[in-house]
Amino acid sequence: MIRSSMTMLASLVAMTGAALAQSASTTGPPAAEAPADPTPAQPTRVGPPTPTRPDPTAAPAEPSPGATTSATELVEPAAASAPPAFAPWSTSRLALELELTSHARYASKAGTNLSELRLDRGELGARIALGRRAAAELRVEAIRSALEGGALGIDGDSTVIRVKYAHVGGSATIGPLALDSALGFTPDPWIRTLEDGYPLKPLSRTGSERLLGWATSDLAAVVRATVGPARLSLAVGNGEGQRYPERNTGKTTTAVAEIVAVNQRSLRLSVAAVGRDGSIGVARVRDRRAGGGATVITPWVRAGAEVIKAWGIGDRGDAEGLEVGGWLDGRIVERVFVAARGASLGFTGGGRLSTFGGAVAIEPWRDSTRGRYRVWFALDRVTSSGAAMPLPGVDGGDATLAMLIVSAVAPLALD
Amino acid sequence: MVLVASCASPGVADREQRILTSLADDNYLWALRDPALVECKLAKMQRGPSDWLRGTASLFWRDVMEPGGHRTASAFGDPASSRVLLVGDPHPENAGTFRAADGTMIVDWNDFDSAGYGPFTGDLRRLGAGLVIAAEDAALGAELVRRAAAGYAMQIAAIAEGRPAGPVIAGAHPLLDDELATARSRGDRHVALEELAPATSGVRALASGDLEPVAPDGVYEDRVTPVAPEVADWIDRAIAEWRVGKLDAGAAAVKLRSRRVGSGVSSYAAYRFNVVLEGATPAVDDDLLLEIKETREGVILRGLPRWSAAEWASPAARSVAAQRRLQARPDADPLLGHALVGGLSLKLRHREAYQRGVNRDDLTALAVGSAGDRARLGDLAEIYGEMLARAHGRALTEEGVLGATVIAPLLAGRDGAFVDDIVRLATEDAARVVADHALMKGRELFPLIFPEVAP
């Protein structure tokens, strides 16, 4: 069965290669890294030609199930040497990952309330090593085939699979400098940086993605350089994300600088800055961003924040705004977590879009190398004001959502 | 070098960018399929502000509903009245005549391509902007909007009080009387059928070619072409799906098929097929002429919480359902229906000359005519307002209540302020349309919007 899977994957990689050959003139980013990982061991996430690490987007680091440990032990600074600031290049021959999130949600709003079941996220990724210094990755995701509120997609409005990542990358080491790169449909370096330490993906996309419409991947080339606790990522791409091929002659450049200021087993503090300049669409609508973020990881609590100034939002070149977001995920007792998150986009011209939420999650099963699943009970509040209202002065489109969420991340690595 | 290229700032103004982006989104699939027709559409839009207005309903709704730019707040509305069933594009030329199932001739809205749920003020603003542009005079335009808004408010109040709101029939207005009489006369003589497929010695044959000369700007005004076998198969499948409950198989037998190009502005590049059906008997004088038109998504109004998918199974199903709910007579077109052929969502309607749209030239003639003519144009604007109110007021909203019940309380006792509000907003909307047209007039739009498709 593994052999047939390998054959299928080889076919996928071959297809990816063909796709890359077609888009050879474009450029894009490499895989993101994980947050501080105390034990960089087996890969648990199929990433771009990226170092692998155990469960980056998971809850606060914790021992594997069954281990007898106490809170005191968990927060105790490790006696051993500090883990590497960024996970090293993975040498796993094959890494797979399945990520699923399903929602049962009830939306309370003006007028008739809504209730629905939905697949919020369904992704499958595969990364195959090509020797010791190169790898290919393909990751697909499930999306609805029609516009939101639309009627006709593929065979009605079916859920369909589209490419999220598809790239080939390589790595090299020159003294203390570790270089890696990728070309193809590559993860956006900023979104990847945010998500690597972000365990609340089942609850909500990051503020950058949700409010600013920041694409999670792009046809791009990415180069990344790591020296000790510092890393610089540079992506040059179409800027159109996954929805369109290139539609103008300009390229979009995204640079992300990260520094792991504190890197201990009991505490990891990283800060990042991002700058982006480019254009989208046939009209070359400006797509400029500047900002930063920080992530703190301890065995019991994770938290993060981001602040982004945007010039040009969506297809409005004249729109400017400041997006501020933050999140917190804490383990209150074994396998029980509480989470809170919020993001707000204030338009320079007036008006604000905000989304805030909280959740309680139970993690019935978790294995540091084989995955985990969680059941969430979440509340989300969406509001708008002023000129950011769907109908200025009339309707803010405000809604409160109560959600039962089931999420799972299932990695598999073969060496 | 890459960095330099990436740092190049957009070289066009924000508004121009927004227009180009909207046009690109609206026409992307058509441009890949039929670039020549999209070029014609863009050329047609550039002829004047009125055509520009007709081709940019999507941009209008983006401007009304999308945050980020300058938008004037309305003082009238609430969440409930933001989910009224809308015509979507109720400009003055999107009204026309119909012959209902019992033979009654009526005037009503005739284009529901953009229909869907949204704020009632948006529809009224769209109508008002169309009236201002048709007036070609600011003062007259404002007066027309005032009459339309007043008529709207009065009719909504009447519906809310339970008074009947019937269709517009003969006697309502001299211009409409002329339209109704002409439509009946031409329909009874099967003018549309005879023009497309004249009968000679008991046999009909398709009149292919340009039924009207190609315009100086290269736009096909009315071109008829035969269809390929594959397309003929689409048509036959659409007819087979549509006819159930309307015609038996014999009456729905397809005699002739053609593609027709030249109608409309916004949907200029859409597939339009004309089909001649056998009718009740083998004789040619009861043959039926249908139009099969490709229908796409209506206006997507973002930001309002709603189901992620529409309540209708296809765009044509939406358009047909909206037409029946928004028109005064649900049987205004007894042959109205829809079909789905592969990924093509098709709307079918009676194409005989009973259906005839209000002509812009007739409106212009009144606008530039005598004081009496302008007064009559004002009367017509009021009828438009009443007609829109009847459509909104009698249809169920997305929440399942009568539109009048959510609109009337907002206007009660505030008619004057409401009229002022609509006049202000519609005048601004019209000014934007005129400015947009001036910005884009004479430009080679197609290569700007679709550089990868342009030759």
# chains A, B, ... in the order shown; residues from 1 in each chain; ligands from 1
$ residues_around --residues "Ile235 in chain B" --least-positions-apart "3" --cutoff "9 Å" --atoms "only C-alpha atoms" --output "PyMOL selection string"
chain B and resi 230-232+238-240+254+257+273+275+292+341
$ write_last_selection --atoms "N, CA and C atoms" --output "PDB file, in the first residue's frame"
ATOM      1  N   GLU B 230     -22.870  21.287 -32.069  1.00  0.00           N
ATOM      2  CA  GLU B 230     -22.747  21.171 -30.612  1.00  0.00           C
ATOM      3  C   GLU B 230     -23.695  22.133 -29.917  1.00  0.00           C
ATOM      4  N   VAL B 231     -23.772  23.344 -30.427  1.00  0.00           N
ATOM      5  CA  VAL B 231     -24.657  24.343 -29.829  1.00  0.00           C
ATOM      6  C   VAL B 231     -26.121  23.956 -30.051  1.00  0.00           C
ATOM      7  N   ALA B 232     -26.397  23.401 -31.221  1.00  0.00           N
ATOM      8  CA  ALA B 232     -27.761  22.942 -31.488  1.00  0.00           C
ATOM      9  C   ALA B 232     -28.176  21.903 -30.454  1.00  0.00           C
ATOM     10  N   ALA B 238     -31.851  22.178 -23.705  1.00  0.00           N
ATOM     11  CA  ALA B 238     -32.494  23.236 -22.916  1.00  0.00           C
ATOM     12  C   ALA B 238     -34.001  23.249 -23.137  1.00  0.00           C
ATOM     13  N   ILE B 239     -34.409  23.112 -24.384  1.00  0.00           N
ATOM     14  CA  ILE B 239     -35.845  23.104 -24.691  1.00  0.00           C
ATOM     15  C   ILE B 239     -36.527  21.901 -24.037  1.00  0.00           C
ATOM     16  N   ALA B 240     -35.862  20.760 -24.095  1.00  0.00           N
ATOM     17  CA  ALA B 240     -36.445  19.556 -23.503  1.00  0.00           C
ATOM     18  C   ALA B 240     -36.641  19.720 -21.999  1.00  0.00           C
ATOM     19  N   VAL B 254     -38.181  21.643 -32.082  1.00  0.00           N
ATOM     20  CA  VAL B 254     -37.365  22.764 -32.553  1.00  0.00           C
ATOM     21  C   VAL B 254     -37.290  22.744 -34.079  1.00  0.00           C
ATOM     22  N   ARG B 257     -32.822  27.200 -35.266  1.00  0.00           N
ATOM     23  CA  ARG B 257     -31.982  27.680 -34.170  1.00  0.00           C
ATOM     24  C   ARG B 257     -30.994  28.702 -34.725  1.00  0.00           C
ATOM     25  N   PHE B 273     -29.625  32.812 -27.924  1.00  0.00           N
ATOM     26  CA  PHE B 273     -30.089  32.002 -29.043  1.00  0.00           C
ATOM     27  C   PHE B 273     -31.561  32.292 -29.281  1.00  0.00           C
ATOM     28  N   VAL B 275     -34.891  30.639 -31.032  1.00  0.00           N
ATOM     29  CA  VAL B 275     -35.337  29.309 -31.407  1.00  0.00           C
ATOM     30  C   VAL B 275     -36.781  29.383 -31.889  1.00  0.00           C
ATOM     31  N   ILE B 292     -33.229  32.124 -25.769  1.00  0.00           N
ATOM     32  CA  ILE B 292     -32.492  31.403 -24.725  1.00  0.00           C
ATOM     33  C   ILE B 292     -31.254  32.238 -24.431  1.00  0.00           C
ATOM     34  N   VAL B 341     -27.680  23.437 -18.837  1.00  0.00           N
ATOM     35  CA  VAL B 341     -27.028  22.540 -19.796  1.00  0.00           C
ATOM     36  C   VAL B 341     -25.536  22.562 -19.500  1.00  0.00           C
TER      37      VAL B 341
END
$ interface_residues --of "chain B" --to "chain A" --cutoff "6 Å" --atoms "only C-alpha atoms" --output "list in words"
Ala5, Ser6, Cys7, Pro10, Asp14, Gln17, Leu20, Thr21, Met65, Pro67, Gly68, Gly69, Ala73, Gly77, Asp78, Pro79, Gly303, Leu304, Pro305, Ser308, Ala309, Ala310, Ala313, Ser314, Pro315, Glu399 and Ile449 of chain B
$ closest_residue --among "A:Gly357, A:Pro245, A:Gly330, A:Pro88" --to "Ala172 in chain A" --atoms "only C-alpha atoms"
A:Pro88
$ atom_distance --atom1 "CA of Ala215 in chain A" --atom2 "CA of Leu234 in chain A"
15.7 Å
$ residues_around --residues "range 418-424 of chain B" --least-positions-apart "6" --cutoff "9 Å" --atoms "only C-alpha atoms" --output "CSV table (one decimal) with N, CA and C atoms, in the first residue's frame"
chain,number,residue,atom,x,y,z
B,74,SER,N,-26.7,56.6,4.0
B,74,SER,CA,-28.2,56.9,3.9
B,74,SER,C,-28.8,56.9,5.3
B,75,ALA,N,-29.8,57.8,5.4
B,75,ALA,CA,-30.5,57.9,6.6
B,75,ALA,C,-31.7,56.9,6.7
B,76,PHE,N,-31.9,56.2,5.6
B,76,PHE,CA,-33.1,55.3,5.6
B,76,PHE,C,-32.6,53.9,5.3
B,121,THR,N,-32.9,50.9,-0.9
B,121,THR,CA,-32.5,52.2,-1.4
B,121,THR,C,-31.5,52.1,-2.6
B,124,LEU,N,-33.5,52.0,-5.8
B,124,LEU,CA,-34.1,53.3,-6.0
B,124,LEU,C,-33.0,54.3,-6.5
B,125,ARG,N,-31.9,54.2,-5.9
B,125,ARG,CA,-30.8,55.0,-6.4
B,125,ARG,C,-30.4,54.7,-7.8
B,128,GLY,N,-32.9,56.2,-9.9
B,128,GLY,CA,-32.7,57.7,-9.9
B,128,GLY,C,-31.5,58.1,-10.8
B,142,ALA,N,-33.0,66.1,-11.2
B,142,ALA,CA,-33.3,66.1,-9.8
B,142,ALA,C,-34.8,66.0,-9.6
B,143,GLU,N,-35.6,66.7,-10.4
B,143,GLU,CA,-37.0,66.7,-10.3
B,143,GLU,C,-37.6,65.3,-10.7
B,144,LEU,N,-37.0,64.6,-11.6
B,144,LEU,CA,-37.4,63.3,-12.0
B,144,LEU,C,-37.2,62.3,-10.8
B,145,VAL,N,-36.0,62.4,-10.2
B,145,VAL,CA,-35.7,61.6,-9.0
B,145,VAL,C,-36.7,61.9,-7.9
B,146,ARG,N,-37.0,63.1,-7.7
B,146,ARG,CA,-38.0,63.5,-6.7
B,146,ARG,C,-39.3,62.9,-7.0
B,147,ARG,N,-39.8,62.9,-8.2
B,147,ARG,CA,-41.1,62.3,-8.5
B,147,ARG,C,-41.0,60.8,-8.3
B,148,ALA,N,-39.9,60.2,-8.7
B,148,ALA,CA,-39.8,58.7,-8.6
B,148,ALA,C,-39.8,58.3,-7.1
B,149,ALA,N,-39.0,59.1,-6.3
B,149,ALA,CA,-39.0,58.7,-4.9
B,149,ALA,C,-40.3,58.9,-4.2
B,150,ALA,N,-41.0,60.0,-4.6
B,150,ALA,CA,-42.3,60.3,-4.0
B,150,ALA,C,-43.3,59.2,-4.4
B,153,ALA,N,-42.5,56.1,-2.3
B,153,ALA,CA,-43.0,56.2,-0.9
B,153,ALA,C,-44.5,56.1,-0.8
B,410,LEU,N,-40.0,52.6,7.9
B,410,LEU,CA,-38.9,53.5,7.8
B,410,LEU,C,-39.2,54.9,7.1
B,411,LEU,N,-40.3,54.8,6.3
B,411,LEU,CA,-40.6,56.0,5.5
B,411,LEU,C,-41.8,56.8,6.2
$ residues_around --residues "Met403 in chain A" --least-positions-apart "3" --cutoff "7 Å" --atoms "only C-alpha atoms" --output "list in words"
His103, Ala104, Arg105, Tyr106, Phe377, Ala378 and Leu379 of chain A
$ residues_around --residues "Ala290 in chain A" --least-positions-apart "5" --cutoff "6 Å" --atoms "only C-alpha atoms" --output "PyMOL selection string"
chain A and resi 274-275+308-309
$ write_last_selection --atoms "C-alpha atoms" --output "PDB file, in the first residue's frame"
ATOM      1  CA  VAL A 274       7.140  42.279   7.249  1.00  0.00           C
ATOM      2  CA  GLY A 275       7.203  44.564   4.270  1.00  0.00           C
ATOM      3  CA  ILE A 308      -0.156  45.672   9.764  1.00  0.00           C
ATOM      4  CA  LYS A 309      -0.506  48.950   7.944  1.00  0.00           C
TER       5      LYS A 309
END
$ decode --residues "range 276-403 of chain B" --atoms "C-alpha atoms" --output "tab-separated table (two decimals), in the first residue's frame"
chain	number	residue	atom	x	y	z
B	276	VAL	CA	-38.41	28.68	-33.51
B	277	LEU	CA	-40.70	25.99	-32.14
B	278	GLU	CA	-43.39	24.09	-33.97
B	279	GLY	CA	-46.28	25.39	-31.92
B	280	ALA	CA	-49.69	23.81	-31.56
B	281	THR	CA	-49.99	22.73	-35.19
B	282	PRO	CA	-47.64	22.05	-38.11
B	283	ALA	CA	-48.80	25.31	-39.68
B	284	VAL	CA	-46.29	28.16	-39.68
B	285	ASP	CA	-48.67	30.76	-38.30
B	286	ASP	CA	-48.64	29.36	-34.78
B	287	ASP	CA	-44.90	28.88	-34.54
B	288	LEU	CA	-43.32	30.21	-31.37
B	289	LEU	CA	-40.20	32.32	-31.07
B	290	LEU	CA	-38.14	31.90	-27.92
B	291	GLU	CA	-34.98	33.50	-26.66
B	292	ILE	CA	-32.49	31.40	-24.73
B	293	LYS	CA	-30.07	33.59	-22.85
B	294	GLU	CA	-27.01	32.70	-20.82
B	295	THR	CA	-27.42	33.95	-17.28
B	296	ARG	CA	-24.69	34.42	-14.73
B	297	GLU	CA	-24.47	35.28	-11.09
B	298	GLY	CA	-26.38	38.37	-10.07
B	299	VAL	CA	-24.88	41.13	-8.06
B	300	ILE	CA	-22.98	39.68	-5.12
B	301	LEU	CA	-23.49	42.00	-2.16
B	302	ARG	CA	-20.74	41.29	0.31
B	303	GLY	CA	-20.71	42.02	3.99
B	304	LEU	CA	-24.25	41.10	4.94
B	305	PRO	CA	-24.51	37.85	6.91
B	306	ARG	CA	-26.36	35.30	4.83
B	307	TRP	CA	-26.15	31.76	3.58
B	308	SER	CA	-22.89	31.07	1.88
B	309	ALA	CA	-24.84	29.73	-1.09
B	310	ALA	CA	-27.80	31.28	-2.85
B	311	GLU	CA	-31.29	29.89	-2.37
B	312	TRP	CA	-31.62	29.23	-6.09
B	313	ALA	CA	-30.11	26.31	-7.93
B	314	SER	CA	-28.71	28.36	-10.79
B	315	PRO	CA	-28.41	31.97	-11.92
B	316	ALA	CA	-31.24	31.50	-14.42
B	317	ALA	CA	-33.44	29.98	-11.73
B	318	ARG	CA	-32.75	33.06	-9.65
B	319	SER	CA	-33.56	35.41	-12.49
B	320	VAL	CA	-36.79	33.61	-13.36
B	321	ALA	CA	-37.96	33.34	-9.75
B	322	ALA	CA	-37.18	37.00	-9.15
B	323	GLN	CA	-39.05	38.02	-12.28
B	324	ARG	CA	-42.18	36.16	-11.24
B	325	ARG	CA	-42.02	37.56	-7.72
B	326	LEU	CA	-41.21	41.13	-8.70
B	327	GLN	CA	-43.56	41.59	-11.63
B	328	ALA	CA	-47.16	42.59	-11.07
B	329	ARG	CA	-48.31	39.50	-12.95
B	330	PRO	CA	-46.41	36.26	-12.36
B	331	ASP	CA	-47.74	35.12	-15.73
B	332	ALA	CA	-46.53	38.22	-17.56
B	333	ASP	CA	-44.48	35.88	-19.73
B	334	PRO	CA	-46.22	32.50	-19.81
B	335	LEU	CA	-43.24	30.93	-21.55
B	336	LEU	CA	-40.68	32.09	-18.99
B	337	GLY	CA	-38.45	29.32	-17.70
B	338	HIS	CA	-34.92	28.12	-17.22
B	339	ALA	CA	-32.64	25.22	-17.99
B	340	LEU	CA	-29.20	24.02	-17.08
B	341	VAL	CA	-27.03	22.54	-19.80
B	342	GLY	CA	-23.66	21.50	-18.49
B	343	GLY	CA	-22.26	24.62	-16.90
B	344	LEU	CA	-24.53	26.92	-18.87
B	345	SER	CA	-27.40	28.42	-16.95
B	346	LEU	CA	-30.03	29.47	-19.46
B	347	LYS	CA	-33.12	31.62	-19.19
B	348	LEU	CA	-35.87	31.11	-21.74
B	349	ARG	CA	-38.53	33.65	-22.59
B	350	HIS	CA	-41.05	34.51	-25.24
B	351	ARG	CA	-39.24	36.54	-27.88
B	352	GLU	CA	-42.26	37.73	-29.86
B	353	ALA	CA	-42.73	41.47	-30.26
B	354	TYR	CA	-45.24	41.61	-27.42
B	355	GLN	CA	-42.18	42.23	-25.32
B	356	ARG	CA	-40.76	45.58	-26.15
B	357	GLY	CA	-38.48	47.76	-24.07
B	358	VAL	CA	-38.82	51.47	-23.41
B	359	ASN	CA	-36.61	53.31	-25.84
B	360	ARG	CA	-34.03	55.81	-24.65
B	361	ASP	CA	-34.72	58.09	-27.62
B	362	ASP	CA	-38.32	58.44	-26.52
B	363	LEU	CA	-37.20	59.49	-23.06
B	364	THR	CA	-34.73	61.95	-24.53
B	365	ALA	CA	-37.40	63.41	-26.78
B	366	LEU	CA	-39.50	64.18	-23.74
B	367	ALA	CA	-36.54	65.58	-21.84
B	368	VAL	CA	-35.61	68.05	-24.56
B	369	GLY	CA	-39.17	68.76	-25.62
B	370	SER	CA	-41.72	71.27	-24.47
B	371	ALA	CA	-42.67	72.03	-20.91
B	372	GLY	CA	-45.54	69.65	-21.37
B	373	ASP	CA	-43.18	66.93	-22.51
B	374	ARG	CA	-41.01	67.41	-19.44
B	375	ALA	CA	-44.08	67.28	-17.25
B	376	ARG	CA	-45.02	64.01	-18.90
B	377	LEU	CA	-41.52	62.74	-18.26
B	378	GLY	CA	-42.06	63.60	-14.61
B	379	ASP	CA	-45.27	61.61	-14.64
B	380	LEU	CA	-43.38	58.71	-16.13
B	381	ALA	CA	-40.71	58.95	-13.42
B	382	GLU	CA	-43.45	58.72	-10.82
B	383	ILE	CA	-44.81	55.60	-12.49
B	384	TYR	CA	-41.33	54.12	-12.45
B	385	GLY	CA	-41.11	54.82	-8.73
B	386	GLU	CA	-44.49	53.24	-8.10
B	387	MET	CA	-43.59	50.25	-10.22
B	388	LEU	CA	-40.41	49.72	-8.23
B	389	ALA	CA	-42.27	50.09	-4.95
B	390	ARG	CA	-44.83	47.55	-6.06
B	391	ALA	CA	-42.03	45.14	-6.95
B	392	HIS	CA	-40.25	45.59	-3.62
B	393	GLY	CA	-43.35	45.86	-1.52
B	394	ARG	CA	-45.17	42.77	-2.73
B	395	ALA	CA	-42.22	40.39	-2.86
B	396	LEU	CA	-41.04	38.44	0.14
B	397	THR	CA	-37.73	39.51	1.57
B	398	GLU	CA	-34.90	37.13	2.34
B	399	GLU	CA	-36.42	36.84	5.80
B	400	GLY	CA	-39.74	35.76	4.33
B	401	VAL	CA	-41.86	38.84	5.05
B	402	LEU	CA	-43.52	41.26	2.65
B	403	GLY	CA	-41.12	43.95	1.55
